[in-house]
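Okay, structure first, notes after.
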Amino acid sequence: MAQENKYFIEPENAAEMARLLKLDRLLTRAMGGPLGERSQEELENIQDVLDIASGPGGWALEVANTYRFMRVTGIDISEIMVRYANGLAESSGRSNAHFRRIDALSLPLAFPDQSFDLINARLIVGFMPTTFWPQFLKECQRILRPGGILRLTECEGGMIGVTTSVGCEILSRAGMLALHRAGQSFTPNDALLGSMTVLPSLLRRTGYQDVRHVAHAIDWSINTPWYDACCQNALIGFRLLKPFLLKHRAITEEDFRLAYQRMEQDFQAEDFCGMWYFVTVSGTNSPG
Ligand SMILES: C[S@@+](CC[C@H](N)C(=O)[O-])C[C@H]1O[C@@H](n2cnc3c(N)ncnc32)[C@H](O)[C@@H]1O
């Protein structure tokens with residue numbers, strides 16, 4: 001069953017690939033490593049890993065490099081990102097990682113039942129309609145082994161969390177409104193995304209057990225180590241998001257220009273503050 005591509009940024013855009021490469025390093029470090037919340041004993045039971053919407057492959061390659069006994073498959077809709085990730089795996093000698101171009105919205109996924117011990121997906125709200133989540137979670141159950149783990153990470157506050165920048169907040173709000181109109185937001189209004197709020201419950205309703213969550217927050221206020229990387233993510237990300245915002249009439253061209261200009265100035269303010277919130281939700285596939 002194929003769905004219209006809903007990703008809010010053009011997936012074949014090289015600038016988006018560059019943004020995701022930097023974002024991956026930032027997020028994985030801020031989350032304490034690629035599988036930071038898992039115990040040694042849990043990690044030892046994981047052999048086959050699937051990363052859904054793997055982008056240019058940063059997370060999957062870090063898993064393959066850190067845990068050499070694991071076999072990691074990444075899937076993404078973007079041809080350039082899959083090609084890049086395979087190139088990186090080959091040139092770095094990571095024969096336990098490979099990447100395939102697969103649309104995660106086209107079910108069933110091209111994997112036999114019970115193929116994986118762990119499925120990871122980080123930041124997929126940008127292309128996942130809310131109505132599709134129940135089928136998607138069921139499909140993950142099918143390809144997970146009994147006792148296998150589904151691990152999802154989503155954020156709140158749009159492109160970059162909550163800030164003291166007037167311009168950034170106008171653009172974030174437009175992003176929420178556009179996602180709301182596109183059917184990719186769980187909240188009854190357009191103020192927030194709500195995915196972090198509903199995922200634990202969705203997992204429980206689908207039959208996953210031992211549903212857990214871990215929260216992360218990145219302080220990227222001025223003079224912090226994360227400031228430069230997050231400013232860049234916002235400046236590039238909002239430019240790439242602009243066609244999606246205009247398509248859903250979440251902002252006018254002129255208001256976008258003014259808000260963007262204001263955001264650039266606000267980021268330089270000596271009292272600028274930004275905080276980005278994430279939650280990793282996981283659940284175990286029932287043993288049969
Ligand atoms: C925000 S990025 C997240 C990348 C990566 N998971 C990470 O956390 O660094 C979303 C990714 O979803 C991919 N994507 C968009 N639509 C998709 C679809 N229908 N199926 C699979 N991947 C898709 C994009 O190409 C992009 O790489």
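Here's how to read the names in the structure tokens: chain A, B, ... by the order shown, residue numbers from 1 in each chain, ligand numbers from 1 in the order shown.
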For ligand 1, list the contacting residues at 8 Å or closer, counting only C-alpha atoms and all ligand atoms, as an MDAnalysis selection string.
chainID A and resid 3 5:12 17 20:21 23:24 27 51:59 75:78 81 101:106 121:128
What lies within 12 Å of range 130-132 of chain A using only C-alpha atoms, ignoring chain neighbours under 5 positions off, as an mmCIF file with all heavy atoms, in the first residue's frame?
```cif
data_model
loop_
_atom_site.group_PDB
_atom_site.id
_atom_site.type_symbol
_atom_site.label_atom_id
_atom_site.label_comp_id
_atom_site.auth_asym_id
_atom_site.auth_seq_id
_atom_site.Cartn_x
_atom_site.Cartn_y
_atom_site.Cartn_z
ATOM 1 N N MET A 1 0.858 -1.183 0.000
ATOM 2 C CA MET A 1 0.000 0.000 0.000
ATOM 3 C C MET A 1 0.903 1.245 0.000
ATOM 4 O O MET A 1 1.567 1.542 0.979
ATOM 5 C CB MET A 1 -0.841 -0.135 1.262
ATOM 6 C CG MET A 1 -1.644 0.961 1.722
ATOM 7 S SD MET A 1 -2.020 0.702 3.506
ATOM 8 C CE MET A 1 -1.462 -0.954 3.916
ATOM 9 N N ALA A 2 0.999 1.951 -1.111
ATOM 10 C CA ALA A 2 1.892 3.110 -1.205
ATOM 11 C C ALA A 2 1.155 4.380 -0.792
ATOM 12 O O ALA A 2 -0.025 4.530 -1.039
ATOM 13 C CB ALA A 2 2.421 3.251 -2.619
ATOM 14 N N GLN A 3 1.876 5.289 -0.138
ATOM 15 C CA GLN A 3 1.309 6.570 0.287
ATOM 16 C C GLN A 3 2.044 7.685 -0.457
ATOM 17 O O GLN A 3 3.187 7.519 -0.854
ATOM 18 C CB GLN A 3 1.576 6.753 1.784
ATOM 19 C CG GLN A 3 0.957 5.725 2.676
ATOM 20 C CD GLN A 3 -0.241 6.290 3.414
ATOM 21 O OE1 GLN A 3 -0.310 7.471 3.673
ATOM 22 N NE2 GLN A 3 -1.190 5.441 3.698
ATOM 23 N N GLU A 4 1.426 8.806 -0.563
ATOM 24 C CA GLU A 4 2.078 9.981 -1.141
ATOM 25 C C GLU A 4 3.271 10.357 -0.238
ATOM 26 O O GLU A 4 3.185 10.216 0.972
ATOM 27 C CB GLU A 4 1.040 11.103 -1.136
ATOM 28 C CG GLU A 4 1.524 12.455 -1.555
ATOM 29 C CD GLU A 4 0.640 13.560 -0.954
ATOM 30 O OE1 GLU A 4 -0.396 13.239 -0.350
ATOM 31 O OE2 GLU A 4 1.021 14.719 -1.104
ATOM 32 N N LYS A 6 5.349 12.324 2.118
ATOM 33 C CA LYS A 6 4.915 13.418 2.973
ATOM 34 C C LYS A 6 6.092 14.153 3.610
ATOM 35 O O LYS A 6 5.876 15.014 4.446
ATOM 36 C CB LYS A 6 4.030 12.864 4.110
ATOM 37 C CG LYS A 6 2.843 12.045 3.677
ATOM 38 C CD LYS A 6 1.664 12.878 3.316
ATOM 39 C CE LYS A 6 0.798 13.228 4.473
ATOM 40 N NZ LYS A 6 -0.359 14.032 4.157
ATOM 41 N N ALA A 104 9.244 3.771 3.772
ATOM 42 C CA ALA A 104 8.671 3.239 5.024
ATOM 43 C C ALA A 104 7.149 3.379 5.062
ATOM 44 O O ALA A 104 6.501 2.807 5.942
ATOM 45 C CB ALA A 104 9.293 3.951 6.217
ATOM 46 N N LEU A 105 6.591 4.127 4.120
ATOM 47 C CA LEU A 105 5.126 4.281 4.086
ATOM 48 C C LEU A 105 4.492 3.270 3.131
ATOM 49 O O LEU A 105 3.286 3.303 2.909
ATOM 50 C CB LEU A 105 4.738 5.699 3.649
ATOM 51 C CG LEU A 105 5.169 6.838 4.571
ATOM 52 C CD1 LEU A 105 4.724 8.189 4.013
ATOM 53 C CD2 LEU A 105 4.624 6.640 5.976
ATOM 54 N N SER A 106 5.300 2.410 2.542
ATOM 55 C CA SER A 106 4.776 1.411 1.612
ATOM 56 C C SER A 106 4.886 0.028 2.272
ATOM 57 O O SER A 106 5.968 -0.560 2.331
ATOM 58 C CB SER A 106 5.586 1.478 0.311
ATOM 59 O OG SER A 106 5.029 0.626 -0.627
ATOM 60 N N LEU A 107 3.750 -0.454 2.787
ATOM 61 C CA LEU A 107 3.756 -1.714 3.542
ATOM 62 C C LEU A 107 3.215 -2.850 2.672
ATOM 63 O O LEU A 107 2.401 -2.607 1.792
ATOM 64 C CB LEU A 107 2.887 -1.564 4.800
ATOM 65 C CG LEU A 107 3.271 -0.428 5.742
ATOM 66 C CD1 LEU A 107 2.422 -0.473 7.006
ATOM 67 C CD2 LEU A 107 4.750 -0.457 6.102
ATOM 68 N N ILE A 124 10.880 10.773 12.624
ATOM 69 C CA ILE A 124 10.138 10.364 11.425
ATOM 70 C C ILE A 124 8.782 11.066 11.311
ATOM 71 O O ILE A 124 8.062 10.852 10.345
ATOM 72 C CB ILE A 124 9.983 8.827 11.328
ATOM 73 C CG1 ILE A 124 9.170 8.247 12.502
ATOM 74 C CG2 ILE A 124 11.341 8.161 11.234
ATOM 75 C CD1 ILE A 124 8.861 6.753 12.321
ATOM 76 N N VAL A 125 8.474 11.911 12.305
ATOM 77 C CA VAL A 125 7.203 12.641 12.262
ATOM 78 C C VAL A 125 7.086 13.504 10.999
ATOM 79 O O VAL A 125 5.990 13.737 10.500
ATOM 80 C CB VAL A 125 7.090 13.499 13.554
ATOM 81 C CG1 VAL A 125 6.279 14.741 13.361
ATOM 82 C CG2 VAL A 125 6.478 12.662 14.660
ATOM 83 N N LEU A 137 3.323 0.564 13.409
ATOM 84 C CA LEU A 137 3.760 -0.133 14.636
ATOM 85 C C LEU A 137 3.500 -1.639 14.528
ATOM 86 O O LEU A 137 4.278 -2.465 15.002
ATOM 87 C CB LEU A 137 3.062 0.455 15.862
ATOM 88 C CG LEU A 137 3.394 1.917 16.187
ATOM 89 C CD1 LEU A 137 2.640 2.381 17.421
ATOM 90 C CD2 LEU A 137 4.899 2.111 16.400
ATOM 91 N N LYS A 138 2.396 -2.002 13.889
ATOM 92 C CA LYS A 138 2.072 -3.426 13.683
ATOM 93 C C LYS A 138 3.079 -4.074 12.746
ATOM 94 O O LYS A 138 3.508 -5.210 12.951
ATOM 95 C CB LYS A 138 0.659 -3.573 13.081
ATOM 96 C CG LYS A 138 -0.428 -3.556 14.119
ATOM 97 C CD LYS A 138 -1.638 -4.392 13.657
ATOM 98 C CE LYS A 138 -2.542 -4.754 14.811
ATOM 99 N NZ LYS A 138 -1.897 -5.449 15.917
ATOM 100 N N GLU A 139 3.449 -3.342 11.691
ATOM 101 C CA GLU A 139 4.423 -3.865 10.739
ATOM 102 C C GLU A 139 5.776 -4.089 11.429
ATOM 103 O O GLU A 139 6.462 -5.080 11.162
ATOM 104 C CB GLU A 139 4.555 -2.892 9.550
ATOM 105 C CG GLU A 139 5.569 -3.276 8.501
ATOM 106 C CD GLU A 139 5.252 -4.574 7.762
ATOM 107 O OE1 GLU A 139 4.219 -5.217 8.042
ATOM 108 O OE2 GLU A 139 6.076 -4.956 6.892
ATOM 109 N N LEU A 179 2.401 21.175 9.705
ATOM 110 C CA LEU A 179 2.321 19.738 10.025
ATOM 111 C C LEU A 179 0.906 19.361 10.452
ATOM 112 O O LEU A 179 0.401 18.286 10.108
ATOM 113 C CB LEU A 179 3.316 19.374 11.134
ATOM 114 C CG LEU A 179 4.762 19.193 10.676
ATOM 115 C CD1 LEU A 179 5.708 19.144 11.868
ATOM 116 C CD2 LEU A 179 4.919 17.927 9.835
ATOM 117 N N HIS A 180 0.261 20.268 11.168
ATOM 118 C CA HIS A 180 -1.130 20.047 11.586
ATOM 119 C C HIS A 180 -2.023 19.916 10.342
ATOM 120 O O HIS A 180 -2.805 18.973 10.220
ATOM 121 C CB HIS A 180 -1.567 21.231 12.447
ATOM 122 C CG HIS A 180 -2.842 21.017 13.170
ATOM 123 N ND1 HIS A 180 -2.944 20.179 14.260
ATOM 124 C CD2 HIS A 180 -4.076 21.525 12.964
ATOM 125 C CE1 HIS A 180 -4.187 20.183 14.690
ATOM 126 N NE2 HIS A 180 -4.895 20.987 13.924
ATOM 127 N N ARG A 181 -1.846 20.832 9.410
ATOM 128 C CA ARG A 181 -2.661 20.799 8.176
ATOM 129 C C ARG A 181 -2.328 19.592 7.307
ATOM 130 O O ARG A 181 -3.180 19.102 6.567
ATOM 131 C CB ARG A 181 -2.463 22.100 7.387
ATOM 132 C CG ARG A 181 -3.103 23.267 8.114
ATOM 133 C CD ARG A 181 -3.034 24.552 7.330
ATOM 134 N NE ARG A 181 -3.790 25.582 8.037
ATOM 135 C CZ ARG A 181 -3.656 26.883 7.844
ATOM 136 N NH1 ARG A 181 -2.802 27.336 6.941
ATOM 137 N NH2 ARG A 181 -4.393 27.732 8.532
ATOM 138 N N ALA A 182 -1.081 19.107 7.407
ATOM 139 C CA ALA A 182 -0.676 17.938 6.608
ATOM 140 C C ALA A 182 -1.099 16.622 7.269
ATOM 141 O O ALA A 182 -0.864 15.546 6.726
ATOM 142 C CB ALA A 182 0.841 17.957 6.423
ATOM 143 N N GLY A 183 -1.698 16.704 8.474
ATOM 144 C CA GLY A 183 -2.139 15.481 9.167
ATOM 145 C C GLY A 183 -1.000 14.761 9.859
ATOM 146 O O GLY A 183 -1.015 13.538 10.015
ATOM 147 N N GLN A 184 0.032 15.502 10.291
ATOM 148 C CA GLN A 184 1.190 14.878 10.921
ATOM 149 C C GLN A 184 1.406 15.376 12.357
ATOM 150 O O GLN A 184 2.517 15.276 12.879
ATOM 151 C CB GLN A 184 2.438 15.141 10.052
ATOM 152 C CG GLN A 184 2.419 14.310 8.773
ATOM 153 C CD GLN A 184 3.320 14.842 7.678
ATOM 154 O OE1 GLN A 184 2.854 15.225 6.618
ATOM 155 N NE2 GLN A 184 4.616 14.855 7.927
ATOM 156 N N SER A 185 0.346 15.922 12.973
ATOM 157 C CA SER A 185 0.461 16.410 14.348
ATOM 158 C C SER A 185 -0.647 15.794 15.187
ATOM 159 O O SER A 185 -1.776 15.636 14.727
ATOM 160 C CB SER A 185 0.339 17.935 14.329
ATOM 161 O OG SER A 185 -0.194 18.405 15.543
ATOM 162 N N PHE A 186 -0.298 15.435 16.427
ATOM 163 C CA PHE A 186 -1.268 14.729 17.280
ATOM 164 C C PHE A 186 -2.075 15.657 18.175
ATOM 165 O O PHE A 186 -2.968 15.219 18.871
ATOM 166 C CB PHE A 186 -0.521 13.736 18.189
ATOM 167 C CG PHE A 186 -0.081 12.494 17.470
ATOM 168 C CD1 PHE A 186 1.212 12.370 17.004
ATOM 169 C CD2 PHE A 186 -0.971 11.445 17.265
ATOM 170 C CE1 PHE A 186 1.628 11.218 16.350
ATOM 171 C CE2 PHE A 186 -0.568 10.289 16.616
ATOM 172 C CZ PHE A 186 0.739 10.190 16.160
ATOM 173 N N THR A 187 -1.711 16.948 18.221
ATOM 174 C CA THR A 187 -2.398 17.839 19.167
ATOM 175 C C THR A 187 -3.675 18.400 18.530
ATOM 176 O O THR A 187 -3.776 18.501 17.307
ATOM 177 C CB THR A 187 -1.475 19.001 19.598
ATOM 178 O OG1 THR A 187 -0.925 19.577 18.436
ATOM 179 C CG2 THR A 187 -0.390 18.526 20.516
ATOM 180 N N LEU A 193 3.527 19.391 18.576
ATOM 181 C CA LEU A 193 3.390 18.207 17.711
ATOM 182 C C LEU A 193 2.659 17.057 18.405
ATOM 183 O O LEU A 193 1.867 16.349 17.800
ATOM 184 C CB LEU A 193 4.773 17.696 17.315
ATOM 185 C CG LEU A 193 5.504 18.432 16.214
ATOM 186 C CD1 LEU A 193 6.882 17.846 16.016
ATOM 187 C CD2 LEU A 193 4.697 18.328 14.935
ATOM 188 N N GLY A 194 3.027 16.818 19.670
ATOM 189 C CA GLY A 194 2.334 15.798 20.464
ATOM 190 C C GLY A 194 2.809 14.371 20.245
ATOM 191 O O GLY A 194 2.327 13.465 20.924
ATOM 192 N N SER A 195 3.766 14.142 19.353
ATOM 193 C CA SER A 195 4.183 12.755 19.104
ATOM 194 C C SER A 195 4.826 12.146 20.357
ATOM 195 O O SER A 195 4.558 10.990 20.704
ATOM 196 C CB SER A 195 5.132 12.678 17.911
ATOM 197 O OG SER A 195 6.127 13.652 18.034
ATOM 198 N N VAL A 198 2.034 10.905 22.713
ATOM 199 C CA VAL A 198 1.161 9.763 22.409
ATOM 200 C C VAL A 198 1.907 8.450 22.146
ATOM 201 O O VAL A 198 1.298 7.376 22.238
ATOM 202 C CB VAL A 198 0.232 10.056 21.199
ATOM 203 C CG1 VAL A 198 -0.611 11.280 21.447
ATOM 204 C CG2 VAL A 198 0.996 10.191 19.916
ATOM 205 N N LEU A 199 3.203 8.514 21.811
ATOM 206 C CA LEU A 199 3.881 7.272 21.398
ATOM 207 C C LEU A 199 3.859 6.157 22.457
ATOM 208 O O LEU A 199 3.570 4.996 22.114
ATOM 209 C CB LEU A 199 5.314 7.558 20.932
ATOM 210 C CG LEU A 199 5.427 8.140 19.519
ATOM 211 C CD1 LEU A 199 6.878 8.388 19.148
ATOM 212 C CD2 LEU A 199 4.768 7.241 18.482
ATOM 213 N N LEU A 202 0.481 4.604 22.273
ATOM 214 C CA LEU A 202 0.297 3.885 20.991
ATOM 215 C C LEU A 202 1.006 2.530 21.016
ATOM 216 O O LEU A 202 0.476 1.526 20.542
ATOM 217 C CB LEU A 202 0.863 4.713 19.839
ATOM 218 C CG LEU A 202 -0.056 5.710 19.135
ATOM 219 C CD1 LEU A 202 0.699 6.418 18.016
ATOM 220 C CD2 LEU A 202 -1.286 5.002 18.564
#
```
I'd like the neighbourhood of Ser115 in chain A as JSON, numbers by chain, where a residue qualifies if any of its atoms comes within 8 Å (using only C-alpha atoms), though same-chain residues fewer than 5 positions away should be ignored.
{"A": [48, 143, 144, 145]}
Please produce a file of the residues just selected, as an mmCIF file, in the first residue's frame, where the atoms kept are N, CA and C atoms.
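The result, written out as out-v4.cif:
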```cif
data_model
loop_
_atom_site.group_PDB
_atom_site.id
_atom_site.type_symbol
_atom_site.label_atom_id
_atom_site.label_comp_id
_atom_site.auth_asym_id
_atom_site.auth_seq_id
_atom_site.Cartn_x
_atom_site.Cartn_y
_atom_site.Cartn_z
ATOM 1 N N ASP A 48 20.594 -8.315 14.890
ATOM 2 C CA ASP A 48 20.142 -7.672 13.656
ATOM 3 C C ASP A 48 19.363 -6.409 13.979
ATOM 4 N N ILE A 143 8.117 -7.709 11.774
ATOM 5 C CA ILE A 143 9.503 -7.975 11.375
ATOM 6 C C ILE A 143 10.468 -8.043 12.574
ATOM 7 N N LEU A 144 9.925 -7.764 13.774
ATOM 8 C CA LEU A 144 10.741 -7.944 14.983
ATOM 9 C C LEU A 144 10.641 -9.394 15.451
ATOM 10 N N ARG A 145 11.726 -9.900 16.004
ATOM 11 C CA ARG A 145 11.675 -11.236 16.624
ATOM 12 C C ARG A 145 10.923 -11.133 17.956
#
```
Have a look at CA of Asp219 in chain A and CA of Tyr277 in chain A and let me know their distance in Å, one decimal.
9.0 Å
May I have the residues within 8 Å of range 255-271 of chain A as a PyMOL selection string, using only C-alpha atoms and disregarding those fewer than 4 positions away in the same chain?
chain A and resi 164-168+170-171+222+231+235+242+251
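Closest approach to Tyr208 in chain A among A:Thr280, A:Ser286, A:Gln114, A:Gln135: A:Ser286, based on only C-alpha atoms.
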Residues of range 97-271 of chain A classed as alpha helix (DSSP H) by DSSP on the backbone are to be reported as number ranges by chain.
A: 133-143, 166-181, 195-206, 227-247, 253-267
